$ cat data_19.txt   # compact mmCIF, C-alpha atoms and all ligand atoms
# COMPACT_ATOMS: atom_id res chain seq x y z
CA MET A 218 0.00 0.00 0.00
CA HIS A 219 1.31 3.47 -0.87
CA LYS A 220 1.56 6.02 1.88
CA THR A 221 1.44 9.62 0.67
CA TYR A 222 2.57 12.61 2.69
CA ASP A 223 2.28 16.32 2.08
CA THR A 224 6.00 16.66 2.68
CA ILE A 225 8.93 14.32 3.20
CA ILE A 226 11.94 15.88 4.86
CA ILE A 227 15.28 14.19 4.31
CA GLY A 228 17.57 14.84 7.26
CA ALA A 229 16.68 14.87 10.94
CA GLY A 230 19.12 17.52 12.15
CA ILE A 231 17.98 20.88 13.49
CA ALA A 232 16.99 22.03 9.96
CA GLY A 233 14.80 18.99 9.32
CA ALA A 234 13.40 19.00 12.86
CA THR A 235 12.36 22.68 12.86
CA ALA A 236 10.90 22.37 9.34
CA ALA A 237 8.91 19.28 10.33
CA TYR A 238 7.69 20.93 13.54
CA THR A 239 6.65 24.14 11.77
CA LEU A 240 4.85 22.37 8.92
CA THR A 241 3.06 20.02 11.30
CA GLN A 242 1.83 23.03 13.26
CA GLN A 243 0.11 24.00 9.99
CA ASN A 244 -1.60 20.58 9.82
CA GLN A 245 0.71 19.20 7.17
CA LYS A 246 1.28 15.46 7.04
CA VAL A 247 5.03 15.15 7.35
CA LEU A 248 7.51 12.25 7.31
CA VAL A 249 11.15 12.71 8.29
CA LEU A 250 13.79 10.32 6.95
CA ASP A 251 17.37 10.09 8.14
CA LYS A 252 19.93 7.47 7.31
CA ASN A 253 21.31 7.37 10.85
CA GLY A 254 18.57 8.77 13.07
CA ILE A 255 17.69 12.02 14.81
CA ALA A 256 20.57 14.50 15.28
CA SER A 257 23.07 12.00 13.91
CA GLY A 258 24.88 14.58 11.76
CA GLY A 259 26.37 17.95 12.68
CA SER A 260 23.42 18.76 14.94
CA GLY A 261 24.34 16.02 17.41
CA ALA A 262 27.87 17.35 17.73
CA ALA A 263 26.91 20.99 18.18
CA GLY A 264 27.59 22.88 21.37
CA ALA A 265 24.41 24.52 20.12
CA PHE A 266 25.05 28.02 21.43
CA VAL A 267 22.25 30.40 20.61
CA SER A 268 23.92 33.78 20.74
CA PRO A 269 24.05 36.97 18.65
CA LYS A 270 26.75 37.81 16.12
CA ILE A 271 29.08 40.70 16.78
CA GLY A 272 30.75 42.83 14.12
CA LYS A 273 30.40 46.02 12.15
CA GLY A 274 26.79 45.66 11.12
CA SER A 275 27.21 43.43 8.05
CA ALA A 276 24.13 42.01 6.31
CA LEU A 277 25.01 38.60 7.77
CA GLN A 278 25.16 40.08 11.28
CA THR A 279 21.75 41.70 10.82
CA LEU A 280 20.19 38.45 9.59
CA THR A 281 21.88 36.39 12.31
CA ASN A 282 20.56 38.69 15.01
CA GLU A 283 17.04 38.64 13.60
CA ALA A 284 17.30 34.85 13.71
CA PHE A 285 18.75 34.97 17.24
CA SER A 286 15.79 36.95 18.60
CA PHE A 287 13.38 34.54 16.93
CA ALA A 288 15.27 31.41 18.03
CA LYS A 289 15.49 32.45 21.66
CA ALA A 290 11.73 33.05 21.82
CA PHE A 291 11.08 29.81 19.90
CA TYR A 292 13.10 27.58 22.26
CA LEU A 293 11.76 29.32 25.38
CA SER A 294 8.19 28.78 24.29
CA THR A 295 8.62 25.34 22.70
CA CYS A 296 11.13 23.40 24.77
CA PRO A 297 12.43 25.58 27.63
CA GLU A 298 13.78 22.53 29.44
CA TYR A 299 16.34 22.05 26.64
CA PHE A 300 17.40 25.68 26.26
CA HIS A 301 19.71 26.90 29.02
CA GLN A 302 19.58 30.67 29.05
CA THR A 303 22.88 31.04 30.89
CA GLY A 304 24.00 34.17 29.04
CA VAL A 305 27.02 34.08 26.75
CA ILE A 306 30.18 36.18 27.09
CA ARG A 307 31.99 37.08 23.86
CA ILE A 308 35.67 37.44 24.62
CA PRO A 309 38.20 39.04 22.22
CA LYS A 310 40.71 36.57 20.75
CA ASP A 311 43.73 38.82 21.28
CA GLU A 312 44.86 42.41 21.71
CA ALA A 313 44.01 43.30 18.09
CA ASP A 314 40.55 41.78 18.40
CA ALA A 315 40.00 43.64 21.67
CA GLY A 316 40.59 46.89 19.77
CA LYS A 317 37.84 45.95 17.32
CA PHE A 318 35.30 45.37 20.11
CA THR A 319 35.08 49.16 20.60
CA GLU A 320 33.97 49.49 16.97
CA TYR A 321 31.59 46.54 17.27
CA GLU A 322 29.81 48.06 20.23
CA LYS A 323 27.57 50.42 18.30
CA PHE A 324 26.32 47.46 16.23
CA ASN A 325 25.29 45.38 19.25
CA ASP A 326 21.59 45.40 18.49
CA THR A 327 20.59 42.88 21.14
CA LYS A 328 20.64 43.40 24.91
CA TYR A 329 24.22 43.32 26.26
CA GLU A 330 26.50 44.52 29.03
CA ASN A 331 30.19 45.30 29.08
CA TYR A 332 32.10 42.94 31.35
CA THR A 333 35.43 44.29 32.50
CA LYS A 334 38.34 41.95 33.06
CA GLU A 335 37.79 42.37 36.82
CA LYS A 336 34.20 41.17 36.43
CA LEU A 337 35.41 38.22 34.34
CA HIS A 338 37.98 37.29 36.98
CA SER A 339 35.23 37.36 39.64
CA LEU A 340 33.34 34.79 37.54
CA GLY A 341 36.38 32.52 37.30
CA ILE A 342 37.24 33.53 33.72
CA GLU A 343 40.92 34.03 33.43
CA VAL A 344 41.29 36.55 30.62
CA ASP A 345 42.37 40.16 30.61
CA PHE A 346 40.17 41.58 27.86
CA ASP A 347 36.99 43.54 28.40
CA SER A 348 34.14 41.56 26.83
CA PHE A 349 30.47 41.64 25.88
CA TYR A 350 27.92 39.74 27.92
CA PHE A 351 24.63 38.77 26.21
CA PRO A 352 22.21 37.81 29.00
CA ASP A 353 19.50 36.43 26.69
CA ALA A 354 21.84 33.99 24.96
CA GLY A 355 22.43 30.41 25.99
CA ASP A 356 22.80 26.95 24.62
CA CYS A 357 20.57 24.09 23.59
CA ASP A 358 20.77 20.49 24.55
CA ALA A 359 21.11 19.71 20.84
CA PRO A 360 19.86 16.11 20.43
CA HIS A 361 17.05 16.62 22.95
CA VAL A 362 15.80 19.71 21.11
CA CYS A 363 15.68 17.76 17.82
CA GLU A 364 14.00 14.78 19.50
CA TYR A 365 11.49 17.04 21.22
CA LEU A 366 10.52 18.83 18.00
CA LEU A 367 10.02 15.47 16.28
CA LYS A 368 8.25 13.69 19.12
CA ASP A 369 4.81 13.71 17.46
CA ILE A 370 6.10 13.31 13.91
CA GLU A 371 6.78 10.12 11.97
CA VAL A 372 10.53 9.54 11.68
CA MET A 373 12.11 6.63 9.81
CA ILE A 374 15.69 5.52 9.40
CA LEU A 375 16.39 5.24 5.69
CA ASP A 376 19.36 6.11 3.51
CA ILE A 377 17.90 7.86 0.48
CA VAL A 378 19.71 7.20 -2.76
CA GLU A 379 17.35 8.65 -5.36
CA LEU A 380 14.30 10.86 -5.77
CA ILE A 381 11.85 10.21 -8.60
CA GLN A 382 9.07 12.60 -9.62
CA GLU A 383 6.11 11.41 -11.67
CA GLU A 384 2.95 13.41 -12.25
CA ASN A 385 3.87 15.84 -9.49
CA ILE A 386 4.33 13.14 -6.87
CA TRP A 387 7.72 12.23 -5.46
CA SER A 388 8.78 8.66 -4.74
CA ILE A 389 11.66 7.98 -2.45
CA VAL A 390 14.25 5.39 -3.36
CA GLY A 391 16.25 4.19 -0.42
CA ARG A 392 18.32 1.20 0.56
CA GLY A 393 15.56 -1.24 1.46
CA ASP A 394 12.28 -2.67 0.24
CA LEU A 395 9.95 -0.27 1.99
CA SER A 396 11.14 2.83 0.23
CA PRO A 397 9.31 2.80 -3.14
CA THR A 398 5.99 2.81 -1.29
CA ILE A 399 6.71 6.19 0.30
CA LYS A 400 5.39 9.15 -1.65
CA ALA A 401 4.89 12.86 -1.13
CA LYS A 402 3.91 16.05 -2.89
CA ASN A 403 6.90 18.00 -1.56
CA ILE A 404 10.44 17.11 -0.60
CA ILE A 405 12.72 19.18 1.59
CA LEU A 406 16.42 18.39 1.41
CA ALA A 407 17.84 19.04 4.86
CA THR A 408 20.84 16.77 4.45
CA GLY A 409 23.61 19.01 5.77
CA PHE A 410 26.99 18.66 4.07
CA GLU A 411 25.86 15.68 1.98
CA SER A 412 24.12 17.14 -1.03
CA ASN A 413 24.07 14.52 -3.79
CA LEU A 414 20.32 13.95 -4.24
CA ALA A 415 20.00 16.81 -6.74
CA ASP A 416 22.40 19.07 -8.64
CA LEU A 417 23.09 21.66 -5.95
CA ARG A 418 26.58 22.66 -7.10
CA TYR A 419 25.64 26.33 -7.46
CA MET A 420 24.94 26.55 -3.73
CA GLY A 421 28.55 25.66 -2.90
CA ILE A 422 27.59 23.52 0.10
CA ARG A 423 30.69 22.40 1.97
CA GLY A 424 31.48 20.88 5.31
CA THR A 425 33.63 22.12 8.17
CA TRP A 426 34.65 19.52 10.71
CA GLY A 427 34.25 20.08 14.41
CA THR A 428 34.54 18.43 17.77
CA ARG A 429 32.78 18.78 21.08
CA GLY A 430 33.91 17.25 24.34
CA ASP A 431 31.59 16.89 27.31
CA PHE A 432 33.58 17.02 30.54
CA SER A 433 32.43 16.29 34.06
CA SER A 434 33.37 19.04 36.49
CA LYS A 435 32.46 20.60 39.83
CA LEU A 436 33.62 24.04 38.69
CA ALA A 437 31.06 26.71 39.59
CA LEU A 438 30.65 28.16 36.11
CA ASN A 439 27.24 29.73 35.62
CA VAL A 440 27.77 31.44 32.31
CA SER A 441 28.77 30.25 28.82
CA MET A 442 31.47 31.92 26.78
CA HIS A 443 32.93 32.04 23.32
CA GLN A 444 36.39 33.12 22.32
CA SER A 445 37.89 31.08 19.47
CA MET A 446 36.14 28.09 21.00
CA SER A 447 32.95 27.63 23.00
CA VAL A 448 32.83 26.83 26.70
CA GLY A 449 29.40 26.02 28.09
CA ALA A 450 28.23 26.81 31.61
CA ASN A 451 28.29 23.91 34.05
CA ILE A 452 24.87 22.27 33.58
CA ASP A 453 24.22 19.26 35.82
CA GLY A 454 27.96 18.67 36.30
CA ILE A 455 28.86 18.82 32.59
CA ILE A 456 30.87 21.51 30.81
CA LYS A 457 30.73 21.38 26.99
CA LEU A 458 33.81 22.46 25.04
CA GLY A 459 33.46 22.80 21.28
CA ALA A 460 34.94 24.21 18.11
CA THR A 461 34.56 23.78 14.33
CA HIS A 462 37.44 24.93 12.20
CA GLU A 463 38.84 22.10 10.14
CA LYS A 464 37.79 22.85 6.57
CA GLU A 465 40.10 20.32 4.90
CA VAL A 466 38.23 17.30 6.34
CA LYS A 467 36.11 16.03 3.42
CA ASP A 468 34.53 12.93 4.97
CA VAL A 469 33.19 11.94 8.34
CA VAL A 470 36.00 10.30 10.31
CA PRO A 471 35.86 8.53 13.68
CA CYS A 472 35.76 10.89 16.64
CA SER A 473 39.02 11.26 18.44
CA ASP A 474 39.29 11.91 22.16
CA ALA A 475 42.62 13.59 21.41
CA GLN A 476 40.71 16.43 19.70
CA ALA A 477 38.41 16.85 22.70
CA LEU A 478 41.42 16.86 25.02
CA SER A 479 43.12 19.50 22.90
CA LEU A 480 40.00 21.64 23.44
CA LYS A 481 40.48 21.18 27.18
CA GLU A 482 44.08 22.36 26.81
CA LYS A 483 42.89 25.41 24.90
CA ALA A 484 40.11 26.10 27.44
CA SER A 485 42.71 26.26 30.20
CA GLY A 486 43.44 29.79 28.94
CA LEU A 487 39.87 30.71 29.86
CA ILE A 488 38.82 28.72 32.93
CA ASN A 489 40.30 26.44 35.55
CA THR A 490 40.20 23.07 33.80
CA SER A 491 42.02 21.09 36.51
CA ASP A 492 39.04 18.89 37.48
CA LEU A 493 37.63 18.42 33.96
CA GLU A 494 37.32 14.73 33.02
CA LEU A 495 36.32 13.78 29.48
CA VAL A 496 33.00 11.93 29.50
CA GLU A 497 32.22 11.79 25.79
CA THR A 498 33.51 13.11 22.47
CA TYR A 499 31.18 14.12 19.64
CA CYS A 500 32.22 15.19 16.20
CA GLY A 501 30.57 16.13 12.96
CA MET A 502 30.38 18.29 9.93
CA ARG A 503 28.53 21.56 9.71
CA ALA A 504 27.45 22.66 6.25
CA GLY A 505 27.98 26.19 5.00
CA SER A 506 27.07 27.91 1.75
CA LYS A 507 29.36 29.80 -0.60
CA ASP A 508 28.50 33.19 0.93
CA TYR A 509 27.79 31.97 4.51
CA PHE A 510 24.09 32.85 4.29
CA PRO A 511 21.52 30.06 4.75
CA LEU A 512 20.00 28.28 1.75
CA VAL A 513 16.22 28.20 1.96
CA GLY A 514 13.84 27.90 -0.99
CA LYS A 515 13.33 26.10 -4.26
CA VAL A 516 15.94 24.13 -6.18
CA ILE A 517 16.78 25.30 -9.70
CA ASP A 518 16.68 22.64 -12.44
CA VAL A 519 20.38 22.96 -13.27
CA PRO A 520 20.63 20.39 -16.12
CA TYR A 521 17.58 21.95 -17.84
CA MET A 522 18.93 25.51 -17.51
CA LEU A 523 22.40 24.63 -18.85
CA GLU A 524 21.03 22.63 -21.76
CA THR A 525 18.26 25.06 -22.74
CA TYR A 526 20.25 28.27 -22.31
CA PRO A 527 23.90 27.60 -23.21
CA ALA A 528 24.55 31.36 -23.29
CA ILE A 529 23.99 31.42 -19.54
CA VAL A 530 27.68 30.70 -19.02
CA ARG A 531 28.50 33.92 -20.93
CA GLY A 532 26.19 36.10 -18.86
CA ALA A 533 22.68 35.53 -20.30
CA LYS A 534 19.95 35.90 -17.68
CA PRO A 535 16.99 33.72 -18.65
CA ALA A 536 14.05 33.16 -16.31
CA LEU A 537 14.87 30.45 -13.81
CA GLU A 538 13.20 27.04 -13.99
CA TYR A 539 12.84 25.04 -10.81
CA ILE A 540 12.35 21.39 -9.98
CA ASP A 541 8.70 21.27 -8.95
CA ASN A 542 8.07 20.87 -5.24
CA LEU A 543 11.70 20.29 -4.31
CA TYR A 544 13.01 22.54 -1.52
CA ILE A 545 16.33 23.07 0.17
CA PHE A 546 16.99 23.90 3.84
CA ASN A 547 20.72 24.01 4.37
CA GLY A 548 23.80 26.22 4.71
CA LEU A 549 23.23 27.01 8.37
CA GLY A 550 26.99 27.04 9.00
CA GLY A 551 28.20 27.39 12.56
CA ARG A 552 24.82 28.74 13.67
CA GLY A 553 22.30 26.03 12.86
CA PHE A 554 20.51 26.37 16.19
CA VAL A 555 20.31 30.14 15.75
CA PHE A 556 19.07 30.15 12.16
CA ALA A 557 16.84 27.07 11.99
CA PRO A 558 13.62 28.25 13.71
CA LEU A 559 13.29 31.46 11.65
CA MET A 560 14.37 29.76 8.43
CA ALA A 561 11.80 27.00 9.03
CA LYS A 562 9.12 29.66 9.39
CA LEU A 563 10.17 31.36 6.14
CA LEU A 564 10.20 28.03 4.31
CA ALA A 565 6.78 26.99 5.62
CA GLU A 566 5.26 30.37 4.67
CA TYR A 567 6.76 30.05 1.21
CA MET A 568 5.53 26.50 0.70
CA LEU A 569 2.07 26.92 2.15
CA GLU A 570 1.17 30.55 1.53
CA GLY A 571 3.40 31.50 -1.38
CA THR A 572 5.04 34.30 0.62
CA GLU A 573 8.16 35.40 -1.26
CA ILE A 574 11.29 33.93 0.22
CA ASP A 575 13.69 36.45 1.80
CA LYS A 576 16.26 37.31 -0.90
CA ARG A 577 19.10 37.02 1.60
CA VAL A 578 18.52 33.28 1.99
CA ASN A 579 17.02 32.39 -1.39
CA PRO A 580 19.63 30.15 -3.12
CA ASP A 581 18.79 31.78 -6.48
CA ARG A 582 21.26 34.51 -5.51
CA LEU A 583 24.15 32.16 -6.29
CA PHE A 584 23.04 30.59 -9.56
CA LEU A 585 23.94 32.99 -12.38
CA LYS A 586 27.31 33.80 -10.85
CA TRP A 587 28.06 30.08 -10.63
CA CYS A 588 27.05 29.59 -14.30
CA ARG A 589 29.44 32.32 -15.42
CA LYS A 590 32.32 30.47 -13.76
CA LEU A 591 31.64 27.19 -15.59
C1 LIG A 601 31.39 20.76 16.88
C2 LIG A 601 30.28 21.62 16.41
C3 LIG A 601 29.87 22.70 17.19
C4 LIG A 601 28.81 23.50 16.75
N1 LIG A 601 28.40 24.50 17.56
C5 LIG A 601 27.30 25.22 17.22
C6 LIG A 601 26.79 26.20 18.10
O1 LIG A 601 27.33 26.45 19.17
N2 LIG A 601 25.66 26.87 17.73
C7 LIG A 601 25.01 26.60 16.55
O2 LIG A 601 23.96 27.22 16.29
N3 LIG A 601 25.50 25.70 15.68
C8 LIG A 601 26.63 25.01 15.99
N4 LIG A 601 27.14 24.09 15.13
C9 LIG A 601 26.58 24.03 13.78
C10 LIG A 601 25.33 23.19 13.72
O3 LIG A 601 25.62 21.93 14.24
C11 LIG A 601 24.88 23.06 12.27
O4 LIG A 601 24.59 24.33 11.75
C12 LIG A 601 23.65 22.19 12.20
O5 LIG A 601 23.98 20.90 12.63
C13 LIG A 601 23.08 22.12 10.81
O6 LIG A 601 21.97 21.28 10.88
P1 LIG A 601 21.41 20.53 9.62
O7 LIG A 601 20.12 19.94 10.05
O8 LIG A 601 21.44 21.44 8.44
O9 LIG A 601 22.49 19.38 9.29
P2 LIG A 601 22.83 18.02 10.06
O10 LIG A 601 22.63 18.14 11.51
O11 LIG A 601 24.18 17.60 9.58
O12 LIG A 601 21.72 17.01 9.53
C14 LIG A 601 21.73 16.44 8.25
C15 LIG A 601 21.13 15.05 8.37
O13 LIG A 601 20.87 14.55 7.07
C16 LIG A 601 21.08 13.17 7.08
N5 LIG A 601 21.29 12.73 5.69
C17 LIG A 601 22.23 13.20 4.82
N6 LIG A 601 22.09 12.57 3.62
C18 LIG A 601 21.06 11.69 3.76
C19 LIG A 601 20.45 10.75 2.87
N7 LIG A 601 20.87 10.59 1.60
N8 LIG A 601 19.42 9.99 3.33
C20 LIG A 601 18.97 10.14 4.61
N9 LIG A 601 19.53 11.02 5.49
C21 LIG A 601 20.55 11.79 5.07
C22 LIG A 601 22.29 12.98 7.97
O14 LIG A 601 22.33 11.65 8.51
C23 LIG A 601 22.07 14.05 9.04
O15 LIG A 601 21.46 13.54 10.20
C24 LIG A 601 28.20 23.26 15.51
C25 LIG A 601 28.61 22.18 14.71
C26 LIG A 601 29.62 21.36 15.16
C27 LIG A 601 30.03 20.21 14.27

$ encode --input "data_19.txt" --output "structure tokens"
Amino acid sequence: MHKTYDTIIIGAGIAGATAAYTLTQQNQKVLVLDKNGIASGGSGAAGAFVSPKIGKGSALQTLTNEAFSFAKAFYLSTCPEYFHQTGVIRIPKDEADAGKFTEYEKFNDTKYENYTKEKLHSLGIEVDFDSFYFPDAGDCDAPHVCEYLLKDIEVMILDIVELIQEENIWSIVGRGDLSPTIKAKNIILATGFESNLADLRYMGIRGTWGTRGDFSSKLALNVSMHQSMSVGANIDGIIKLGATHEKEVKDVVPCSDAQALSLKEKASGLINTSDLELVETYCGMRAGSKDYFPLVGKVIDVPYMLETYPAIVRGAKPALEYIDNLYIFNGLGGRGFVFAPLMAKLLAEYMLEGTEIDKRVNPDRLFLKWCRKL
């Protein structure tokens, strides 16, 4: 018997989970498929800080901080038990960075306080740079948030290898007998750094490898902080240390405790790490776009466009053709837990009400430029 859904979402990370939650709130019949289970990709490894972006008022900072305000309210109203609003301190990396903080200050568009080095020392933070404290920020318990959002939604473990569209209905081809019986009107690709189910080359999706170590500790640390790595507040005897920087890693590799322990070494420049004992190491890939903005919207039919309009590579600008009812939700970079709730709302409004997708996140922005480089 065929089972038909309004929407199948491929990927059960924070993108897939927020999209599924938001669409289900609108009475959509949704199925989520993931080859390894809920939060098994980058989302499970995330320190999952939800904090604003600092800087000189770039477009990305503005968008990030819109998303931050939305995300904070979303987690507090949806799953407050998994969002720890500990506040986050942003600490300059070095003397040069500390100089820039003065310029950044006028662009701090979310509630903040200046923390002097004396104040930091009183909190057990051993740095000598004045910093910004964002009291509304915090961090999520990443897998629990994804599980919570999906708790009333059908989720299946299936590795999808192909998508077939016939008469406006999608069939899913996975490894296993069940798959051809699953059908839907819409598909959302929320597959993180793996992006081989359609031609998405123009979006420039790429992975950055990261590691998180959860350490047991009795240290009285009530606030989270970010310098060039993240240090979570002590929640129930666990301090999370995390960072994602390794761009050259192309494939998922086994987690290494050595990486988590090197984070502990690095954290010793911030806090007293003497009683930290490694409990578990998590690692994963976060997926970013070419221009670091999220990718939310329809997918262009790349083979059709290149074949039908060969002059596109020399600068022609024909009207774009899309693959019907195929959507992308990706490119959340190092801020998946910040961006996902607002991006899920934009995507749901676009799919269900036809509201124009915000140009800043619409992947169309990247297509013609990519064609000209072919
Ligand atoms: C160490 C680390 C620390 C981080 N810290 C933070 C932080 O502090 N704050 C923050 O906001 N973000 C943070 N991030 C970034 C955040 O984790 C990502 O932005 C987020 O995970 C993106 O979510 P996603 O749902 O797009 O992708 P993912 O979580 O990677 O989910 C993609 C899912 O798709 C599935 N999939 C892929 N292909 C298929 C297929 N063919 N068939 C079926 N399933 C498939 C995968 O199994 C996976 O579960 C961090 C990331 C890492 C790695």

$ residues_near_ligand --input "data_19.txt" --ligand "ligand LIG 601 (chain A)" --cutoff "6 Å" --atoms "all atoms listed in the file" --output "count of residues only"
49

$ residues_around --input "data_19.txt" --residues "Ser447 of chain A" --least-positions-apart "2" --cutoff "8 Å" --atoms "all atoms listed in the file" --output "list in words"
Gly264, Ser441, Met442, His443, Gln444, Ser445, Gly449, Lys457, Leu458, Gly459 and Ala460 of chain A

$ closest_residue --input "data_19.txt" --among "A:Asn413, A:Thr303, A:Thr281, A:Ser348" --to "Phe318 of chain A" --atoms "all atoms listed in the file"
A:Ser348

$ closest_residue --input "data_19.txt" --among "A:Ala401, A:Val516, A:Ile540, A:Val249" --to "Ile386 of chain A" --atoms "all atoms listed in the file"
A:Ala401

$ closest_residue --input "data_19.txt" --among "A:Tyr526, A:Trp387, A:Phe346, A:Tyr332" --to "Leu585 of chain A" --atoms "all atoms listed in the file"
A:Tyr526

$ residues_around --input "data_19.txt" --residues "Gly304 of chain A" --least-positions-apart "2" --cutoff "12 Å" --atoms "all atoms listed in the file" --output "PyMOL selection string"
chain A and resi 266-269+289+300-302+306-307+328-330+349-357+438-443+448-450

$ residues_around --input "data_19.txt" --residues "Phe410 of chain A" --least-positions-apart "4" --cutoff "6 Å" --atoms "all atoms listed in the file" --output "ChimeraX atom specification"
/A:423-424,504

$ residues_around --input "data_19.txt" --residues "Cys588 of chain A" --least-positions-apart "2" --cutoff "9 Å" --atoms "only C-alpha atoms" --output "count of residues only"
12

$ closest_residue --input "data_19.txt" --among "A:Gly261, A:Pro511, A:Ile308, A:Glu364" --to "Thr498 of chain A" --atoms "only C-alpha atoms"
A:Gly261
